[in-house]
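K.L.:
Have a look at this one.
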Amino acid sequence: MDNTTTNQSKIKNLALYGLFIALVYVATRFINIPGPTSGGLFHLGNVMAFTIAIVFGKKAGAISGAFGMALFDVTSSYFIWAPFTFIIRFTMGYIMGYLSHKAGSSKSKVIMFNSLGIIIATIIMVGGYYLTEAAMLGNFIAPIQSIWGNFMQCVVGAVIGLPLAYYLQGAFTRRNIITNL
């Protein structure tokens with residue numbers, strides 16, 4: 001590859017990451033319902049984050065989830081959560097993207113690896129926010145009420161994100177669009 005091709009590739013990837021971050025931010029910012037607890041918020045950011053991780057891989061999943069949702073925290077009343085959100089969402093996106101691209105083209109492996117990715121991402125999210133809220137509140141009882149909302153965010157993210165990712169991957173494959181960033 002010559003220098004021009006390398007620079008064009010970097011610019012293209014930068015633009016795509018910006019788009020992915022914006023998609024996660026918008027899905028988090030404008031499609032949400034505040035919860036009853038200090039850390040509770042139900043939103044559709046996971047749909048975008050899961051879809052991006054599955055279709056475009058670990059780097060895109062990690063960057064879009066971490067920056068998109070942390071940006072939401074910084075621009076809302078949840079700003080204190082931003083560093084924790086960044087770490088939790090980065091880890092979720094990386095693992096989801098990593099596992100989804102380990103599956104190859106076998107349909108049964110794709111289902112297995114995507115399901116495993118969703119399960120691990122859910123554990124990371126629920127556990128990460130539970131521990132963060134416990135540290136912020138100084139006890140391990142109060143954050144229990146946030147577990148259901150966080151769990152349901154992952155369920156909704158999977159129920160909508162998995163089919164969306166499946167259809168996007170199919171469309172990109174039919175058009176010979178490379179999704180491995």
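Here's how to read the names in the structure tokens: chain A, B, ... by the order shown, residue numbers from 1 in each chain, ligand numbers from 1 in the order shown.
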Find the residues around A:Thr51 up to 9 Å (only C-alpha atoms counted), leave out those fewer than 2 positions away in its own chain, and share them as a list in words.
P.N.:
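Here the answer would be Asn46, Val47, Met48, Ala49, Ala53, Ile54, Val55, Phe56, Gly61, Gly157, Ala158, Ile160, Gly161, Leu162, Pro163, Leu164, Ala165, Tyr166 and Leu168 of chain A.
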K.L.:
Those same residues, written as a PDB file, in the first residue's frame with N, CA and C atoms?
P.N.:
```pdb
ATOM      1  N   ASN A  46     -27.706   0.223  23.448  1.00  0.00           N
ATOM      2  CA  ASN A  46     -27.167  -1.138  23.295  1.00  0.00           C
ATOM      3  C   ASN A  46     -27.508  -1.741  21.945  1.00  0.00           C
ATOM      4  N   VAL A  47     -28.641  -1.373  21.387  1.00  0.00           N
ATOM      5  CA  VAL A  47     -29.010  -1.891  20.071  1.00  0.00           C
ATOM      6  C   VAL A  47     -27.931  -1.504  19.066  1.00  0.00           C
ATOM      7  N   MET A  48     -27.579  -0.234  19.051  1.00  0.00           N
ATOM      8  CA  MET A  48     -26.553   0.240  18.117  1.00  0.00           C
ATOM      9  C   MET A  48     -25.187  -0.336  18.461  1.00  0.00           C
ATOM     10  N   ALA A  49     -24.849  -0.333  19.743  1.00  0.00           N
ATOM     11  CA  ALA A  49     -23.532  -0.826  20.157  1.00  0.00           C
ATOM     12  C   ALA A  49     -23.360  -2.307  19.809  1.00  0.00           C
ATOM     13  N   ALA A  53     -20.748  -3.755  16.934  1.00  0.00           N
ATOM     14  CA  ALA A  53     -19.725  -4.728  17.342  1.00  0.00           C
ATOM     15  C   ALA A  53     -19.827  -6.006  16.521  1.00  0.00           C
ATOM     16  N   ILE A  54     -21.030  -6.485  16.303  1.00  0.00           N
ATOM     17  CA  ILE A  54     -21.215  -7.736  15.568  1.00  0.00           C
ATOM     18  C   ILE A  54     -20.841  -7.561  14.097  1.00  0.00           C
ATOM     19  N   VAL A  55     -21.270  -6.464  13.487  1.00  0.00           N
ATOM     20  CA  VAL A  55     -21.040  -6.269  12.057  1.00  0.00           C
ATOM     21  C   VAL A  55     -19.613  -5.827  11.760  1.00  0.00           C
ATOM     22  N   PHE A  56     -19.072  -4.915  12.558  1.00  0.00           N
ATOM     23  CA  PHE A  56     -17.797  -4.288  12.215  1.00  0.00           C
ATOM     24  C   PHE A  56     -16.616  -4.715  13.086  1.00  0.00           C
ATOM     25  N   GLY A  61     -16.728  -1.854  17.799  1.00  0.00           N
ATOM     26  CA  GLY A  61     -17.647  -2.053  18.913  1.00  0.00           C
ATOM     27  C   GLY A  61     -17.173  -1.381  20.182  1.00  0.00           C
ATOM     28  N   GLY A 157     -31.322  -4.900  23.571  1.00  0.00           N
ATOM     29  CA  GLY A 157     -30.204  -4.748  22.645  1.00  0.00           C
ATOM     30  C   GLY A 157     -29.992  -5.993  21.811  1.00  0.00           C
ATOM     31  N   ALA A 158     -30.151  -7.151  22.427  1.00  0.00           N
ATOM     32  CA  ALA A 158     -29.988  -8.415  21.711  1.00  0.00           C
ATOM     33  C   ALA A 158     -31.170  -8.703  20.797  1.00  0.00           C
ATOM     34  N   ILE A 160     -33.281  -6.700  19.336  1.00  0.00           N
ATOM     35  CA  ILE A 160     -33.326  -5.832  18.157  1.00  0.00           C
ATOM     36  C   ILE A 160     -31.992  -5.857  17.412  1.00  0.00           C
ATOM     37  N   GLY A 161     -30.894  -5.849  18.152  1.00  0.00           N
ATOM     38  CA  GLY A 161     -29.564  -5.752  17.546  1.00  0.00           C
ATOM     39  C   GLY A 161     -29.126  -6.978  16.765  1.00  0.00           C
ATOM     40  N   LEU A 162     -29.430  -8.163  17.249  1.00  0.00           N
ATOM     41  CA  LEU A 162     -29.013  -9.380  16.541  1.00  0.00           C
ATOM     42  C   LEU A 162     -29.646  -9.499  15.150  1.00  0.00           C
ATOM     43  N   PRO A 163     -30.975  -9.349  15.027  1.00  0.00           N
ATOM     44  CA  PRO A 163     -31.544  -9.403  13.678  1.00  0.00           C
ATOM     45  C   PRO A 163     -31.053  -8.255  12.784  1.00  0.00           C
ATOM     46  N   LEU A 164     -30.905  -7.076  13.362  1.00  0.00           N
ATOM     47  CA  LEU A 164     -30.406  -5.936  12.589  1.00  0.00           C
ATOM     48  C   LEU A 164     -28.994  -6.222  12.075  1.00  0.00           C
ATOM     49  N   ALA A 165     -28.151  -6.766  12.930  1.00  0.00           N
ATOM     50  CA  ALA A 165     -26.786  -7.118  12.520  1.00  0.00           C
ATOM     51  C   ALA A 165     -26.801  -8.190  11.440  1.00  0.00           C
ATOM     52  N   TYR A 166     -27.669  -9.172  11.594  1.00  0.00           N
ATOM     53  CA  TYR A 166     -27.784 -10.261  10.617  1.00  0.00           C
ATOM     54  C   TYR A 166     -28.144  -9.695   9.241  1.00  0.00           C
ATOM     55  N   LEU A 168     -27.866  -6.531   8.165  1.00  0.00           N
ATOM     56  CA  LEU A 168     -26.801  -5.652   7.671  1.00  0.00           C
ATOM     57  C   LEU A 168     -25.640  -6.460   7.102  1.00  0.00           C
TER      58      LEU A 168
END
```
K.L.:
Return the single residue from A:Gly57, A:Gly93, A:Gly138, A:Gly104 that is closest to A:Ile118, with distances computed using only C-alpha atoms.
P.N.:
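Closest to A:Ile118, using only C-alpha atoms: A:Gly93.
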K.L.:
Could you pull the residues within 10 Å of A:Phe86, counting only C-alpha atoms, minus those fewer than 2 positions along the same chain, as a ChimeraX atom specification?
P.N.:
/A:62-71,73,81-84,88-92
K.L.:
Taking only C-alpha atoms into account, which of A:Ile111, A:Ala103, A:Met125, A:Ala135 comes nearest A:Gly149?
P.N.:
A:Met125
K.L.:
Using only C-alpha atoms, pick whichever of A:Val126, A:Cys154, A:Ala142, A:Ala60 has the shortest atom-to-atom distance to A:Tyr98.
P.N.:
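Among the listed residues, the smallest separation from A:Tyr98 belongs to A:Ala60.
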K.L.:
Need to verify the contact set: A:Val110, 10 Å, only C-alpha atoms, exclusion of same-chain residues closer than 3 positions in sequence. Can you return it as an mmCIF file with C-alpha atoms, in the first residue's frame?
P.N.:
```
data_model
loop_
_atom_site.group_PDB
_atom_site.id
_atom_site.type_symbol
_atom_site.label_atom_id
_atom_site.label_comp_id
_atom_site.auth_asym_id
_atom_site.auth_seq_id
_atom_site.Cartn_x
_atom_site.Cartn_y
_atom_site.Cartn_z
ATOM 1 C CA ILE A 54 -21.215 -7.736 15.568
ATOM 2 C CA LEU A 99 -16.496 -13.220 19.600
ATOM 3 C CA SER A 100 -18.733 -12.394 16.652
ATOM 4 C CA HIS A 101 -15.758 -12.383 14.292
ATOM 5 C CA LYS A 102 -14.373 -15.648 15.748
ATOM 6 C CA ALA A 103 -17.443 -17.494 14.492
ATOM 7 C CA GLY A 104 -16.523 -17.523 10.823
ATOM 8 C CA SER A 105 -19.319 -18.260 8.371
ATOM 9 C CA SER A 106 -20.912 -21.307 10.007
ATOM 10 C CA LYS A 107 -24.479 -20.331 10.928
ATOM 11 C CA PHE A 113 -20.615 -16.935 19.444
ATOM 12 C CA ASN A 114 -23.075 -14.031 19.209
ATOM 13 C CA SER A 115 -25.119 -15.514 22.050
ATOM 14 C CA LEU A 116 -21.978 -15.986 24.119
ATOM 15 C CA TYR A 166 -27.784 -10.261 10.617
#
```
K.L.:
Enumerate the residues of stretch 3-172 of chain A with a DSSP assignment of strand (DSSP E), computed from the backbone, and present them as a ChimeraX atom specification.
P.N.:
/A:32-34,41-43
K.L.:
Atoms to include: N, CA, C and O atoms. Write the selected residues as a PDB file, in the first residue's frame.
P.N.:
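Saved file again_1.pdb follows:
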```pdb
ATOM      1  N   ASN A  32     -34.567   7.169  25.368  1.00  0.00           N
ATOM      2  CA  ASN A  32     -34.288   6.686  26.717  1.00  0.00           C
ATOM      3  C   ASN A  32     -35.409   7.036  27.685  1.00  0.00           C
ATOM      4  O   ASN A  32     -36.182   7.957  27.448  1.00  0.00           O
ATOM      5  N   ILE A  33     -35.439   6.288  28.777  1.00  0.00           N
ATOM      6  CA  ILE A  33     -36.396   6.505  29.853  1.00  0.00           C
ATOM      7  C   ILE A  33     -35.606   6.486  31.154  1.00  0.00           C
ATOM      8  O   ILE A  33     -34.999   5.463  31.493  1.00  0.00           O
ATOM      9  N   PRO A  34     -35.571   7.601  31.901  1.00  0.00           N
ATOM     10  CA  PRO A  34     -34.846   7.602  33.185  1.00  0.00           C
ATOM     11  C   PRO A  34     -35.456   6.603  34.167  1.00  0.00           C
ATOM     12  O   PRO A  34     -36.673   6.445  34.222  1.00  0.00           O
ATOM     13  N   LEU A  41     -31.145   4.065  33.942  1.00  0.00           N
ATOM     14  CA  LEU A  41     -31.575   4.700  32.704  1.00  0.00           C
ATOM     15  C   LEU A  41     -31.794   3.590  31.688  1.00  0.00           C
ATOM     16  O   LEU A  41     -30.908   2.774  31.460  1.00  0.00           O
ATOM     17  N   PHE A  42     -32.975   3.564  31.093  1.00  0.00           N
ATOM     18  CA  PHE A  42     -33.251   2.580  30.055  1.00  0.00           C
ATOM     19  C   PHE A  42     -33.164   3.291  28.711  1.00  0.00           C
ATOM     20  O   PHE A  42     -33.834   4.289  28.496  1.00  0.00           O
ATOM     21  N   HIS A  43     -32.326   2.771  27.822  1.00  0.00           N
ATOM     22  CA  HIS A  43     -32.135   3.398  26.506  1.00  0.00           C
ATOM     23  C   HIS A  43     -31.870   2.328  25.451  1.00  0.00           C
ATOM     24  O   HIS A  43     -31.678   1.161  25.761  1.00  0.00           O
TER      25      HIS A  43
END
```
